[in-house]
Structure formats: C-alpha cells, structure tokens
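Participant: Just model_9.txt, nothing more (compact mmCIF, C-alpha atoms):
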# COMPACT_ATOMS: atom_id res chain seq x y z
CA MET A 1 -85.43 89.68 -20.89
CA ASP A 2 -88.88 88.08 -21.20
CA SER A 3 -90.08 86.52 -17.96
CA THR A 4 -86.59 85.58 -16.91
CA ARG A 5 -85.63 87.24 -13.66
CA LEU A 6 -82.17 88.85 -13.28
CA LEU A 7 -80.46 88.54 -9.92
CA ARG A 8 -77.15 89.84 -8.61
CA SER A 9 -74.74 87.17 -7.41
CA SER A 10 -71.91 87.69 -4.94
CA HIS A 11 -69.55 88.77 -7.72
CA PRO A 12 -70.08 92.42 -8.67
CA PHE A 13 -70.02 91.71 -12.39
CA THR A 14 -71.76 88.33 -12.38
CA PHE A 15 -75.50 88.04 -12.74
CA THR A 16 -77.60 84.92 -12.20
CA LEU A 17 -80.58 84.21 -14.40
CA SER A 18 -83.68 82.61 -12.92
CA PRO A 19 -84.82 79.98 -14.06
CA PRO A 20 -81.47 78.49 -13.07
CA ILE A 21 -79.08 79.38 -15.84
CA THR A 22 -75.81 81.01 -14.81
CA LYS A 23 -74.17 83.40 -17.18
CA THR A 24 -71.12 85.57 -16.59
CA ARG A 25 -70.88 88.59 -18.83
CA HIS A 26 -67.88 90.79 -19.47
CA TYR A 27 -68.41 94.34 -20.58
CA SER A 28 -65.74 96.21 -22.50
CA LEU A 29 -65.46 99.95 -22.35
CA SER A 30 -63.92 101.78 -25.26
CA LEU A 31 -62.01 104.89 -24.32
CA PRO A 32 -59.83 107.19 -26.44
CA SER A 33 -56.28 105.94 -26.39
CA ARG A 34 -54.95 109.45 -26.03
CA LYS A 35 -56.03 112.52 -24.18
CA LEU A 36 -55.20 115.71 -26.05
CA PHE A 37 -52.52 116.87 -23.67
CA PHE A 38 -50.73 113.55 -23.96
CA MET A 39 -50.18 114.06 -27.68
CA LEU A 40 -46.56 114.94 -27.20
CA LYS A 41 -45.44 112.47 -29.81
CA SER A 42 -47.32 114.42 -32.46
CA SER A 43 -45.75 117.17 -34.50
CA ALA A 44 -45.08 120.44 -32.66
CA ASN A 45 -47.42 122.08 -35.16
CA ASP A 46 -50.29 119.93 -33.93
CA VAL A 47 -50.23 120.76 -30.22
CA ALA A 48 -48.49 123.21 -27.91
CA PRO A 49 -45.67 121.89 -25.66
CA PHE A 50 -46.66 120.35 -22.36
CA ASP A 51 -46.47 123.00 -19.62
CA ASP A 52 -44.85 121.26 -16.64
CA ALA A 53 -45.18 124.24 -14.32
CA ALA A 54 -48.88 124.80 -15.04
CA TYR A 55 -49.71 121.12 -14.58
CA GLU A 56 -47.83 120.89 -11.28
CA ALA A 57 -49.23 124.17 -9.93
CA GLU A 58 -52.78 123.02 -10.60
CA ARG A 59 -52.10 119.59 -9.09
CA LEU A 60 -50.71 121.13 -5.90
CA SER A 61 -53.61 123.56 -5.62
CA LEU A 62 -56.19 120.81 -6.02
CA ASP A 63 -54.39 118.53 -3.59
CA ALA A 64 -54.34 121.32 -0.99
CA LYS A 65 -58.11 121.74 -1.37
CA ALA A 66 -58.62 117.99 -1.10
CA ARG A 67 -56.57 117.77 2.10
CA GLN A 68 -58.49 120.70 3.61
CA THR A 69 -61.79 118.98 2.90
CA MET A 70 -60.50 115.73 4.39
CA ALA A 71 -59.37 117.64 7.48
CA GLU A 72 -62.87 119.09 7.85
CA GLU A 73 -64.38 115.63 7.44
CA ALA A 74 -61.99 114.13 10.01
CA SER A 75 -63.02 116.75 12.59
CA ASN A 76 -66.70 115.83 12.23
CA VAL A 77 -66.70 112.04 12.32
CA THR A 78 -67.78 111.36 15.90
CA GLU A 79 -71.03 109.79 14.66
CA ASP A 80 -69.43 108.14 11.63
CA PRO A 81 -68.95 104.36 11.84
CA LYS A 82 -65.58 104.92 10.15
CA ALA A 83 -64.45 107.38 12.88
CA TRP A 84 -62.02 104.81 14.29
CA LYS A 85 -60.03 104.96 11.05
CA TRP A 86 -59.50 108.71 11.43
CA VAL A 87 -58.32 108.25 15.04
CA ILE A 88 -55.57 105.89 13.88
CA ARG A 89 -54.65 108.05 10.88
CA LYS A 90 -54.32 111.20 12.99
CA ARG A 91 -52.19 109.38 15.55
CA ILE A 92 -49.78 108.20 12.87
CA TRP A 93 -49.61 111.57 11.08
CA ASP A 94 -49.04 113.43 14.37
CA MET A 95 -46.35 110.97 15.46
CA MET A 96 -44.46 111.15 12.18
CA GLU A 97 -44.38 114.93 12.30
CA ALA A 98 -43.48 115.07 16.01
CA ARG A 99 -40.63 112.57 15.64
CA ASN A 100 -39.48 114.16 12.35
CA ILE A 101 -39.92 110.87 10.54
CA ALA A 102 -41.98 112.72 7.96
CA GLN A 103 -40.42 113.89 4.73
CA ASN A 104 -41.61 116.37 2.11
CA PRO A 105 -44.26 117.07 1.09
CA ARG A 106 -45.12 118.21 4.62
CA PRO A 107 -47.16 118.28 6.67
CA VAL A 108 -48.02 114.67 5.95
CA HIS A 109 -51.56 114.93 7.34
CA HIS A 110 -54.19 113.73 4.85
CA ARG A 111 -51.51 112.26 2.59
CA ILE A 112 -49.89 108.91 2.05
CA PRO A 113 -47.00 110.08 4.22
CA ASN A 114 -43.48 110.30 2.85
CA PHE A 115 -40.95 109.09 5.38
CA VAL A 116 -37.27 108.82 6.25
CA GLY A 117 -35.97 105.64 4.65
CA ALA A 118 -38.55 105.42 1.87
CA SER A 119 -35.81 104.52 -0.63
CA ALA A 120 -34.49 101.80 1.68
CA ALA A 121 -37.99 100.34 1.96
CA ALA A 122 -38.24 100.45 -1.84
CA ASP A 123 -34.97 98.56 -2.11
CA LYS A 124 -36.36 95.87 0.20
CA LEU A 125 -39.33 95.59 -2.16
CA GLY A 126 -36.98 95.40 -5.12
CA GLY A 127 -35.42 92.29 -3.58
CA LEU A 128 -38.71 90.40 -3.41
CA GLU A 129 -39.06 87.36 -5.65
CA ALA A 130 -42.50 88.61 -6.70
CA PHE A 131 -40.90 91.83 -7.94
CA ARG A 132 -37.94 90.18 -9.63
CA VAL A 133 -40.08 87.80 -11.71
CA GLY A 134 -42.91 90.23 -12.44
CA ASN A 135 -43.25 91.92 -15.81
CA CYS A 136 -45.90 94.52 -14.96
CA VAL A 137 -46.12 96.35 -11.62
CA LYS A 138 -48.94 98.67 -10.58
CA VAL A 139 -47.63 101.40 -8.25
CA ASN A 140 -49.54 104.22 -6.57
CA PRO A 141 -48.51 107.78 -7.54
CA ASP A 142 -47.54 109.02 -4.04
CA SER A 143 -44.16 110.43 -2.97
CA PRO A 144 -42.92 107.57 -0.73
CA GLN A 145 -43.31 105.10 -3.61
CA LYS A 146 -41.37 107.21 -6.12
CA GLN A 147 -38.30 104.98 -5.78
CA VAL A 148 -40.46 101.89 -6.36
CA ARG A 149 -41.63 103.41 -9.63
CA PHE A 150 -38.02 104.14 -10.59
CA LEU A 151 -36.89 100.59 -9.78
CA THR A 152 -39.75 99.22 -11.87
CA LEU A 153 -38.76 101.22 -14.93
CA SER A 154 -35.00 100.85 -14.51
CA ASP A 155 -35.44 97.07 -14.26
CA GLY A 156 -37.15 97.06 -17.67
CA LYS A 157 -40.61 96.32 -16.34
CA LYS A 158 -43.92 97.83 -17.37
CA LEU A 159 -45.15 100.43 -14.87
CA LEU A 160 -48.88 100.89 -14.42
CA THR A 161 -49.77 103.95 -12.37
CA PRO A 162 -53.12 105.66 -11.75
CA GLN A 163 -53.64 109.24 -12.78
CA PRO A 164 -53.86 111.37 -9.59
CA ARG A 165 -57.25 110.86 -7.91
CA LEU A 166 -58.41 109.44 -11.27
CA ARG A 167 -59.01 113.06 -12.33
CA THR A 168 -57.82 112.81 -15.90
CA GLY A 169 -58.91 109.30 -16.68
CA PHE A 170 -57.74 105.95 -15.42
CA PHE A 171 -54.26 104.41 -15.58
CA SER A 172 -51.17 105.25 -17.57
CA VAL A 173 -48.59 102.73 -18.74
CA LEU A 174 -44.89 103.54 -18.94
CA GLU A 175 -42.11 101.35 -20.27
CA SER A 176 -38.37 101.95 -20.29
CA GLU A 177 -38.19 101.87 -24.10
CA MET A 178 -40.58 104.85 -24.13
CA LEU A 179 -38.02 106.87 -22.17
CA THR A 180 -34.47 108.16 -22.35
CA PRO A 181 -32.00 107.99 -19.45
CA GLY A 182 -32.69 111.68 -18.93
CA THR A 183 -36.46 111.29 -18.68
CA MET A 184 -36.72 108.10 -16.60
CA LYS A 185 -36.60 109.90 -13.24
CA GLU A 186 -39.06 112.49 -14.48
CA ALA A 187 -41.40 109.70 -15.55
CA CYS A 188 -41.66 108.66 -11.88
CA THR A 189 -43.43 111.95 -11.02
CA SER A 190 -47.02 113.00 -11.68
CA VAL A 191 -45.86 115.48 -14.31
CA GLY A 192 -43.68 112.84 -15.95
CA VAL A 193 -46.53 110.33 -16.11
CA ALA A 194 -48.68 112.98 -17.80
CA LYS A 195 -45.94 113.74 -20.32
CA HIS A 196 -44.59 110.29 -21.09
CA GLY A 197 -47.27 107.78 -20.14
CA ARG A 198 -49.76 106.06 -22.41
CA PRO A 199 -53.31 106.34 -21.02
CA ILE A 200 -55.30 103.12 -21.10
CA GLY A 201 -58.97 102.22 -20.70
CA LEU A 202 -60.89 99.41 -19.10
CA ASP A 203 -60.75 97.39 -22.33
CA GLU A 204 -56.94 97.19 -22.24
CA LYS A 205 -55.61 93.64 -22.23
CA ILE A 206 -53.03 93.67 -19.48
CA LYS A 207 -51.80 91.35 -16.73
CA VAL A 208 -50.51 92.91 -13.53
CA ASP A 209 -48.04 90.74 -11.61
CA LEU A 210 -47.63 92.86 -8.48
CA ILE A 211 -49.61 95.68 -6.83
CA VAL A 212 -47.87 98.31 -4.71
CA ILE A 213 -50.06 100.61 -2.64
CA GLY A 214 -49.30 103.34 -0.13
CA SER A 215 -50.50 103.22 3.46
CA VAL A 216 -50.94 105.44 6.48
CA ALA A 217 -51.02 102.48 8.86
CA VAL A 218 -50.80 98.72 8.46
CA ASP A 219 -51.09 95.77 10.85
CA PRO A 220 -48.31 93.21 10.26
CA ARG A 221 -50.27 90.48 12.07
CA THR A 222 -53.33 90.60 9.83
CA GLY A 223 -52.43 92.60 6.71
CA ALA A 224 -55.16 95.15 7.50
CA ARG A 225 -54.33 98.53 5.99
CA LEU A 226 -55.54 102.13 6.18
CA GLY A 227 -54.98 104.62 3.38
CA LYS A 228 -55.50 108.36 3.60
CA GLY A 229 -59.27 108.05 3.48
CA GLU A 230 -60.35 108.82 -0.09
CA GLY A 231 -60.85 105.24 -1.27
CA PHE A 232 -58.98 105.50 -4.58
CA ALA A 233 -56.74 102.47 -3.93
CA GLU A 234 -59.90 100.40 -3.48
CA LEU A 235 -61.48 101.75 -6.68
CA GLU A 236 -58.29 101.12 -8.63
CA TYR A 237 -58.12 97.57 -7.29
CA GLY A 238 -61.77 96.97 -8.13
CA MET A 239 -61.36 98.19 -11.70
CA LEU A 240 -58.30 96.01 -12.23
CA ARG A 241 -60.37 93.04 -11.04
CA TYR A 242 -63.07 94.00 -13.53
CA MET A 243 -60.48 94.08 -16.33
CA GLY A 244 -59.23 90.62 -15.40
CA ALA A 245 -55.77 92.12 -14.87
CA ILE A 246 -55.48 90.73 -11.34
CA ASP A 247 -57.00 88.03 -9.16
CA ASP A 248 -56.80 86.83 -5.56
CA SER A 249 -53.30 85.46 -6.12
CA THR A 250 -51.82 88.81 -7.22
CA PRO A 251 -49.56 89.97 -4.36
CA VAL A 252 -50.34 93.33 -2.74
CA VAL A 253 -47.33 95.07 -1.18
CA THR A 254 -46.96 98.29 0.77
CA THR A 255 -43.86 100.27 1.79
CA VAL A 256 -44.02 102.11 5.11
CA HIS A 257 -41.82 103.29 7.97
CA ASP A 258 -41.52 100.87 10.88
CA SER A 259 -43.40 103.36 13.05
CA GLN A 260 -46.46 102.99 10.79
CA LEU A 261 -46.89 99.39 11.92
CA VAL A 262 -49.88 99.16 14.28
CA ASP A 263 -51.81 96.48 16.14
CA ASP A 264 -55.20 98.14 16.61
CA ILE A 265 -56.96 97.91 13.23
CA PRO A 266 -60.10 95.87 14.02
CA ILE A 267 -60.55 93.55 11.06
CA GLU A 268 -64.20 92.99 11.95
CA LYS A 269 -64.84 96.67 11.18
CA LEU A 270 -63.20 96.62 7.76
CA LEU A 271 -65.48 97.07 4.76
CA VAL A 272 -65.86 94.60 1.90
CA HIS A 273 -63.89 96.87 -0.47
CA ASP A 274 -60.91 97.45 1.88
CA VAL A 275 -57.73 96.01 0.35
CA PRO A 276 -55.45 93.97 2.65
CA VAL A 277 -51.71 93.59 2.03
CA ASP A 278 -49.71 90.41 1.63
CA ILE A 279 -46.25 91.89 2.15
CA ILE A 280 -44.95 94.91 4.10
CA CYS A 281 -41.57 96.42 3.31
CA THR A 282 -40.02 98.86 5.78
CA PRO A 283 -36.49 100.32 5.78
CA THR A 284 -35.42 97.51 8.14
CA GLN A 285 -37.53 94.43 7.39
CA VAL A 286 -39.83 92.48 5.08
CA ILE A 287 -43.00 91.08 6.64
CA PHE A 288 -45.19 88.42 5.04
CA THR A 289 -48.60 88.91 6.65
CA ASN A 290 -50.26 85.67 5.46
CA THR A 291 -53.46 87.69 5.54
CA SER A 292 -56.75 85.89 5.77
CA ILE A 293 -58.76 89.03 4.97
CA PRO A 294 -60.69 88.48 1.71
CA LYS A 295 -59.66 90.68 -1.19
CA PRO A 296 -62.31 92.73 -3.01
CA GLN A 297 -63.84 91.03 -6.04
CA GLY A 298 -64.61 94.16 -8.05
CA ILE A 299 -66.46 97.45 -7.65
CA TYR A 300 -69.16 97.42 -5.00
CA TRP A 301 -71.68 99.82 -6.43
CA ASP A 302 -73.78 99.82 -3.27
CA LYS A 303 -70.79 101.32 -1.42
CA LEU A 304 -70.06 103.97 -4.06
CA SER A 305 -71.58 107.35 -3.25
CA PRO A 306 -73.24 109.48 -5.95
CA GLU A 307 -70.66 112.19 -5.19
CA LYS A 308 -67.71 109.86 -5.83
CA LEU A 309 -69.38 108.57 -8.97
CA GLY A 310 -69.90 112.16 -10.11
CA GLN A 311 -66.17 112.89 -9.76
CA ILE A 312 -64.89 109.94 -11.79
CA LYS A 313 -65.97 109.87 -15.42
CA ILE A 314 -64.70 106.39 -16.16
CA LEU A 315 -66.86 104.92 -13.39
CA ARG A 316 -69.95 106.70 -14.72
CA GLU A 317 -69.29 105.32 -18.20
CA LEU A 318 -68.77 101.83 -16.83
CA LYS A 319 -71.97 102.01 -14.78
CA ARG A 320 -74.01 103.19 -17.80
CA ARG A 321 -72.57 100.41 -19.94
CA ILE A 322 -73.41 97.67 -17.46
CA GLU A 323 -76.91 99.05 -16.89
CA ARG A 324 -77.51 99.30 -20.63
CA GLU A 325 -76.29 95.75 -21.27
CA THR A 326 -78.20 94.16 -18.39
CA GLY A 327 -81.32 96.32 -18.45
CA GLN A 328 -80.96 96.60 -14.68
CA LYS A 329 -80.14 99.67 -12.60
CA LEU A 330 -77.08 99.19 -10.42
CA PRO A 331 -77.35 100.18 -6.75
CA CYS A 332 -75.80 103.35 -5.35
CA GLY A 333 -74.21 103.99 -1.97
CA PRO A 334 -75.03 106.66 0.61
CA SER A 335 -74.17 110.31 0.05
CA GLU A 336 -70.88 111.72 1.35
CA LYS A 337 -68.87 114.93 1.36
CA LEU A 338 -65.86 114.69 -0.93
CA PRO A 339 -62.74 116.71 -1.64
CA PRO A 340 -62.83 118.64 -4.94
CA THR A 341 -61.33 117.30 -8.13
CA ALA A 342 -60.87 119.04 -11.45
CA ARG A 343 -61.38 118.43 -15.11
CA ARG A 344 -57.84 118.49 -16.26
CA GLY A 345 -55.82 117.11 -19.10
CA ALA A 346 -58.13 117.02 -22.08
CA ASN A 347 -58.73 120.73 -21.62
CA LEU A 348 -55.16 121.68 -20.79
CA VAL A 349 -52.86 122.40 -23.70
CA GLY A 350 -49.62 124.25 -23.23
CA GLY A 351 -50.74 125.09 -19.70
CA LYS A 352 -53.85 126.94 -20.88
CA ARG A 353 -57.51 126.02 -21.03
CA LYS A 354 -58.90 125.50 -24.49
How would this structure read if it were set down as structure tokens?
Facilitator:
Amino acid sequence: MDSTRLLRSSHPFTFTLSPPITKTRHYSLSLPSRKLFFMLKSSANDVAPFDDAAYEAERLSLDAKARQTMAEEASNVTEDPKAWKWVIRKRIWDMMEARNIAQNPRPVHHRIPNFVGASAAADKLGGLEAFRVGNCVKVNPDSPQKQVRFLTLSDGKKLLTPQPRLRTGFFSVLESEMLTPGTMKEACTSVGVAKHGRPIGLDEKIKVDLIVIGSVAVDPRTGARLGKGEGFAELEYGMLRYMGAIDDSTPVVTTVHDSQLVDDIPIEKLLVHDVPVDIICTPTQVIFTNTSIPKPQGIYWDKLSPEKLGQIKILRELKRRIERETGQKLPCGPSEKLPPTARRGANLVGGKRK
C-alpha cells in the first residue's frame, strides 16, 4: 500500500490509514449454499437418505469426548486466570444435580444445563415484546432452549441456529414454511436442523432481531454471564457482528433456572469478548438487567487460539480473506487445550463416510 501505514483501530474489522484517512472495509466470504448431506431436497437418486441415527450417535460420541476434555481442563486451572469461572460453573452444576433440578441429558456438568421448568422459562421469553415483534431469532442449539426454538418456528418467525460447535459450518436457517406440522418439533433438534435447515455463510444478508443464548450462571444485577467454557457463543456473536446482522441494540436473552442466578461474577475480570445479557427469563420471573457491560464488537483475533482457529474452518477462511485483502497478518491468541471436534456433514451421506 505504498508508504501508507496500516493500523488497527478499536473495531476488529476497521483499519485506519496513516496519513489520516479513515476507511472501513467489509469483506464478504462466499461459501457453498449447501453441504452435501443437506441435499435432501434433491432427487433420491442423487443422494442417499439422511441417516438420523448415525448423525446423532456421532454427535453424542463427540460431545462426550468434548465434555471429558473440559473436565480435565477444569481440574488443572489453578494457575489459569480464568480459574474463577470454573469454580462458579462447578458449583452450579453440582447444585443442580444434588437438588435434582437438572434434566436430561445428565449429568449436566460441562453442558449448558437442562433444568426443571425450561419450558416455563421459554414461555416467559415468548411473552417478551422483543420476541413478539421480532422476525428473526438466533437461538443456541442446547437442550434447555429447545422450547424457545419451537416457539420461534410455531410463531412463523425465522430461526437462526448455529451448527453444533460450528463443526459442520456456520449457521442454519429454518422457517415454518420449510416444514410440515410433523417435522416442526424435529427441526428443533440437532438432527432436525441438519435435515431441514438451510446452511448460510458470512455473506448472507440477514437481520437478527433477538439473540437467545444458554448459560451456566448469570448475574441479574449486572447481566454478566458464564457459558460452559468453550467460547462458541462469543464466536457466534462476533461473526454476526461482522455480518452486520446485529448491533449493540440487539437484545440478548438467556433462559435459566432461578437457582442459576448468582451474585459473584466479577465484571472486572470479564474478557472483551464475553457477551452480557439484557434479559433473563426463569420459570418464575423476567429480569431486565440494564447491563452496562460493553458488548463485543466482532471477533478479537488476538484472543483466538491457534487450536480454536484450527477447529473452525469458516474462521480460517475469514482470517485468510481479511489478511489477503489488507496485506496485513492478523494477530493470534495464546495456545490452549481444546475438546475434539470432527469433520462431519460434507463427508457423511446416508450415515456413511464417502
């Protein structure tokens, strides 16, 4: 770029040129609109039927491995500056199991925990003005938010849901007109999203009106939230910011059991990519947090480990695109030990590897 010097500004996708010219660039990323195993709308002669059992068995196996790795990480965090998060998570998971608040899948350790009254909390969310007037709702794929996904579809809204651990790609979109009454409940499960959803890429033009995320613990006084510790909610939020699908005004809601409300999340220890919540729905109440915690502005590459980047293809493609367009190498975060993921979907046809 001749003698012009390129500097990063505070926004993760904004670069400042020196001499003083400011230029914001947007980078599109073209992705295939269909993965092979999603081609269920094609003729039966083109592709084998989707194998529900094989998909679910592999998902459960991989999730078990991921939880085991997280358990190992949680037992070795005494020197980790994020150790305090694991202390709170373990306390909540242990309490939910001990008091039998937990629901299947159990045990709830190293999960977004399912809980007694999850449907009632979802109904509270369904009564929110932000939900009633919204056209597109992003909902996490975890068990306690299954009823939220159902309410979204049954109300005729567009459902945006991430593919589990971003293994197979990015987000999938589902709409009620894509479904029959018999497949709507199925579409609220991971298998159903794989069968009936339309995968999208970062170049999709979409506006999200409400974000629903799962939590292990949340502070109703501040809106500070802890997930299960893998950071996918933060990555999903960052990518939606990159797409222009959301902004600071987009409400973030979580549904939890009342016993998951805590008062000991130190906001001064939160990281720049941690996502706060605006509204908490429990089986018994709706809490507006009026959070003052800043929301992430995008993907913070200096916080993203090479291992996490190596697991998520769409992030690697995005990083290469930005580096190619700017001629500048993006920073990388410190190394970390991660749970395993799998290449799944594009290689899975009829339940068998190609």
Participant: Show me the residues around (-45.6, 89.9, -9.4) - criterion: an atom at most 8 Å away, only C-alpha atoms counted - as a list of chain:residue names.
Facilitator: A:Glu129, A:Ala130, A:Phe131, A:Arg132, A:Val133, A:Gly134, A:Asn135, A:Cys136, A:Val137, A:Val208, A:Asp209, A:Leu210, A:Ile211, A:Thr250, A:Pro251
Participant: Between CA of Ile314 (chain A) and CA of Gly169 (chain A), measure the distance and give it in Å to one decimal.
Facilitator: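 Going from CA of Ile314 (chain A) over to CA of Gly169 (chain A), I get 6.5 Å.
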Participant: Mind giving me the straight-line distance from CA of Gly223 (chain A) to CA of Lys207 (chain A) in Å, one decimal?
Facilitator: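 Interatomic distance here is 23.5 Å.
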Participant: Here is a test: counting all atoms listed in the file, which residue of A:Ala187, A:Leu271, A:Ile213, A:Leu160 is nearest to Gly227 (chain A)?
Facilitator: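 Once distances to Gly227 (chain A) are computed over all atoms listed in the file, the minimum belongs to A:Ile213.
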Participant: Find the smallest box with edges along x, y and z containing every listed atom of region 298-305 of chain A, then add 3 Å on each side and report centre and edge lengths in Å to one decimal, as AutoDock Vina command-line options.
Facilitator:
--center_x -69.2 --center_y 100.8 --center_z -4.7 --size_x 15.2 --size_y 19.2 --size_z 12.6
Participant: Using all atoms listed in the file, find each residue of region 150-174 of chain A with at least one atom at most 9 Å away from an atom of region 140-144 of chain A; report its shortest atom-to-atom pair and that distance in Å (one decimal), sort the rows by chain and rising residue number, and return the result as JSON lines.
Facilitator:
{"residue": "A:Leu160", "atom": "CA", "partner": "A:Asn140", "partner_atom": "CA", "distance": 8.6}
{"residue": "A:Thr161", "atom": "CA", "partner": "A:Asn140", "partner_atom": "CA", "distance": 5.8}
{"residue": "A:Pro162", "atom": "CA", "partner": "A:Asn140", "partner_atom": "CA", "distance": 6.5}
{"residue": "A:Gln163", "atom": "CA", "partner": "A:Pro141", "partner_atom": "CA", "distance": 7.5}
{"residue": "A:Pro164", "atom": "CA", "partner": "A:Pro141", "partner_atom": "CA", "distance": 6.8}
Participant: I need the chosen residues saved as a tab-separated table (two decimals), in the frame of the given file, with C-alpha atoms.
Facilitator:
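Done, and the output landed in part.tsv:
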chain	number	residue	atom	x	y	z
A	160	LEU	CA	-48.88	100.89	-14.42
A	161	THR	CA	-49.77	103.95	-12.37
A	162	PRO	CA	-53.12	105.66	-11.75
A	163	GLN	CA	-53.64	109.24	-12.78
A	164	PRO	CA	-53.86	111.37	-9.59
Participant: Using all atoms listed in the file, which residue out of A:Pro105, A:Pro334, A:Pro181, A:Gly244 lies closest to Asp203 (chain A)?
Facilitator: A:Gly244
Participant: Between A:Leu315, A:Leu309, A:Val286, A:Val256, which one has atoms that come closest to Cys332 (chain A), using all atoms listed in the file?
Facilitator: A:Leu309
Participant: If you measure from CA of Thr255 (chain A) to CA of Leu270 (chain A), what distance in Å do you get, rounded to one decimal?
Facilitator: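 So the two atoms, CA of Thr255 (chain A) and CA of Leu270 (chain A), lie 20.6 Å apart.
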Participant: Between A:Gly214, A:Pro266, A:Pro113, A:Gly182, which is the closest to Lys138 (chain A) once you count all atoms listed in the file?
Facilitator: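 Smallest separation from Lys138 (chain A) among the options: A:Gly214.
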Participant: Measuring atom to atom with all atoms listed in the file, identify which of A:Asp123, A:Glu236, A:Glu336, A:Glu230 is nearest to Cys281 (chain A).
Facilitator: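 Once distances to Cys281 (chain A) are computed over all atoms listed in the file, the minimum belongs to A:Asp123.
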Participant: Excluding Val212 (chain A) and any residue of its chain fewer than 4 positions from it, enumerate the residues within 6 Å of it, using only C-alpha atoms, and give them as a PyMOL selection string.
Facilitator: chain A and resi 138-139+252-254
Participant: I'd like the contact shell of Ser335 (chain A) - 9 Å cut-off, only C-alpha atoms, skipping same-chain residues fewer than 5 positions apart - returned as a PyMOL selection string.
Facilitator: chain A and resi 304-308
Participant: Between A:Lys205, A:His273, A:Arg221, A:Arg99, which has the minimum distance to Met243 (chain A) (counting all atoms listed in the file)?
Facilitator: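 Looking only at the distances to Met243 (chain A), the closest residue turns out to be A:Lys205.
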Participant: Write out as a compact mmCIF listing (two decimals) with C-alpha atoms, in the frame of the given file which residues come within 12 Å of Val262 (chain A) when counting only C-alpha atoms, dropping same-chain ones fewer than 3 positions away.
Facilitator:
# COMPACT_ATOMS: atom_id res chain seq x y z
CA ILE A 88 -55.57 105.89 13.88
CA ARG A 89 -54.65 108.05 10.88
CA ARG A 91 -52.19 109.38 15.55
CA ILE A 92 -49.78 108.20 12.87
CA SER A 215 -50.50 103.22 3.46
CA VAL A 216 -50.94 105.44 6.48
CA ALA A 217 -51.02 102.48 8.86
CA VAL A 218 -50.80 98.72 8.46
CA ASP A 219 -51.09 95.77 10.85
CA PRO A 220 -48.31 93.21 10.26
CA ARG A 221 -50.27 90.48 12.07
CA THR A 222 -53.33 90.60 9.83
CA GLY A 223 -52.43 92.60 6.71
CA ALA A 224 -55.16 95.15 7.50
CA ARG A 225 -54.33 98.53 5.99
CA LEU A 226 -55.54 102.13 6.18
CA VAL A 256 -44.02 102.11 5.11
CA HIS A 257 -41.82 103.29 7.97
CA ASP A 258 -41.52 100.87 10.88
CA SER A 259 -43.40 103.36 13.05
CA ILE A 265 -56.96 97.91 13.23
CA PRO A 266 -60.10 95.87 14.02
Participant: With all atoms listed in the file as the counted atoms, please give the residues lying no more than 12 Å from Leu174 (chain A), apart from itself and same-chain residues fewer than 4 positions off, as a JSON list (two decimals) with C-alpha atoms, in the coordinates of the input.
Facilitator:
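around-v2.json, freshly written:
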[["chain", "number", "residue", "atom", "x", "y", "z"],
["A", 136, "CYS", "CA", -45.90, 94.52, -14.96],
["A", 137, "VAL", "CA", -46.12, 96.35, -11.62],
["A", 138, "LYS", "CA", -48.94, 98.67, -10.58],
["A", 139, "VAL", "CA", -47.63, 101.40, -8.25],
["A", 149, "ARG", "CA", -41.63, 103.41, -9.63],
["A", 150, "PHE", "CA", -38.02, 104.14, -10.59],
["A", 152, "THR", "CA", -39.75, 99.22, -11.87],
["A", 153, "LEU", "CA", -38.76, 101.22, -14.93],
["A", 154, "SER", "CA", -35.00, 100.85, -14.51],
["A", 156, "GLY", "CA", -37.15, 97.06, -17.67],
["A", 157, "LYS", "CA", -40.61, 96.32, -16.34],
["A", 158, "LYS", "CA", -43.92, 97.83, -17.37],
["A", 159, "LEU", "CA", -45.15, 100.43, -14.87],
["A", 160, "LEU", "CA", -48.88, 100.89, -14.42],
["A", 161, "THR", "CA", -49.77, 103.95, -12.37],
["A", 162, "PRO", "CA", -53.12, 105.66, -11.75],
["A", 178, "MET", "CA", -40.58, 104.85, -24.13],
["A", 179, "LEU", "CA", -38.02, 106.87, -22.17],
["A", 180, "THR", "CA", -34.47, 108.16, -22.35],
["A", 183, "THR", "CA", -36.46, 111.29, -18.68],
["A", 184, "MET", "CA", -36.72, 108.10, -16.60],
["A", 185, "LYS", "CA", -36.60, 109.90, -13.24],
["A", 186, "GLU", "CA", -39.06, 112.49, -14.48],
["A", 187, "ALA", "CA", -41.40, 109.70, -15.55],
["A", 188, "CYS", "CA", -41.66, 108.66, -11.88],
["A", 189, "THR", "CA", -43.43, 111.95, -11.02],
["A", 192, "GLY", "CA", -43.68, 112.84, -15.95],
["A", 193, "VAL", "CA", -46.53, 110.33, -16.11],
["A", 194, "ALA", "CA", -48.68, 112.98, -17.80],
["A", 195, "LYS", "CA", -45.94, 113.74, -20.32],
["A", 196, "HIS", "CA", -44.59, 110.29, -21.09],
["A", 197, "GLY", "CA", -47.27, 107.78, -20.14],
["A", 198, "ARG", "CA", -49.76, 106.06, -22.41],
["A", 199, "PRO", "CA", -53.31, 106.34, -21.02],
["A", 200, "ILE", "CA", -55.30, 103.12, -21.10]]
Participant: Which residues are near Gln147 (chain A)? Cut-off 8 Å, only C-alpha atoms, ignore same chain within fewer than 4 positions. Put them as a PyMOL selection string.
Facilitator: chain A and resi 118-119+122+151+188
Participant: For the residues in that selection, give me C-alpha atoms as a PDB file, in the coordinates of the input.
Facilitator:
ATOM      1  CA  ALA A 118     -38.550 105.420   1.870  1.00  0.00           C
ATOM      2  CA  SER A 119     -35.810 104.520  -0.630  1.00  0.00           C
ATOM      3  CA  ALA A 122     -38.240 100.450  -1.840  1.00  0.00           C
ATOM      4  CA  LEU A 151     -36.890 100.590  -9.780  1.00  0.00           C
ATOM      5  CA  CYS A 188     -41.660 108.660 -11.880  1.00  0.00           C
TER       6      CYS A 188
END
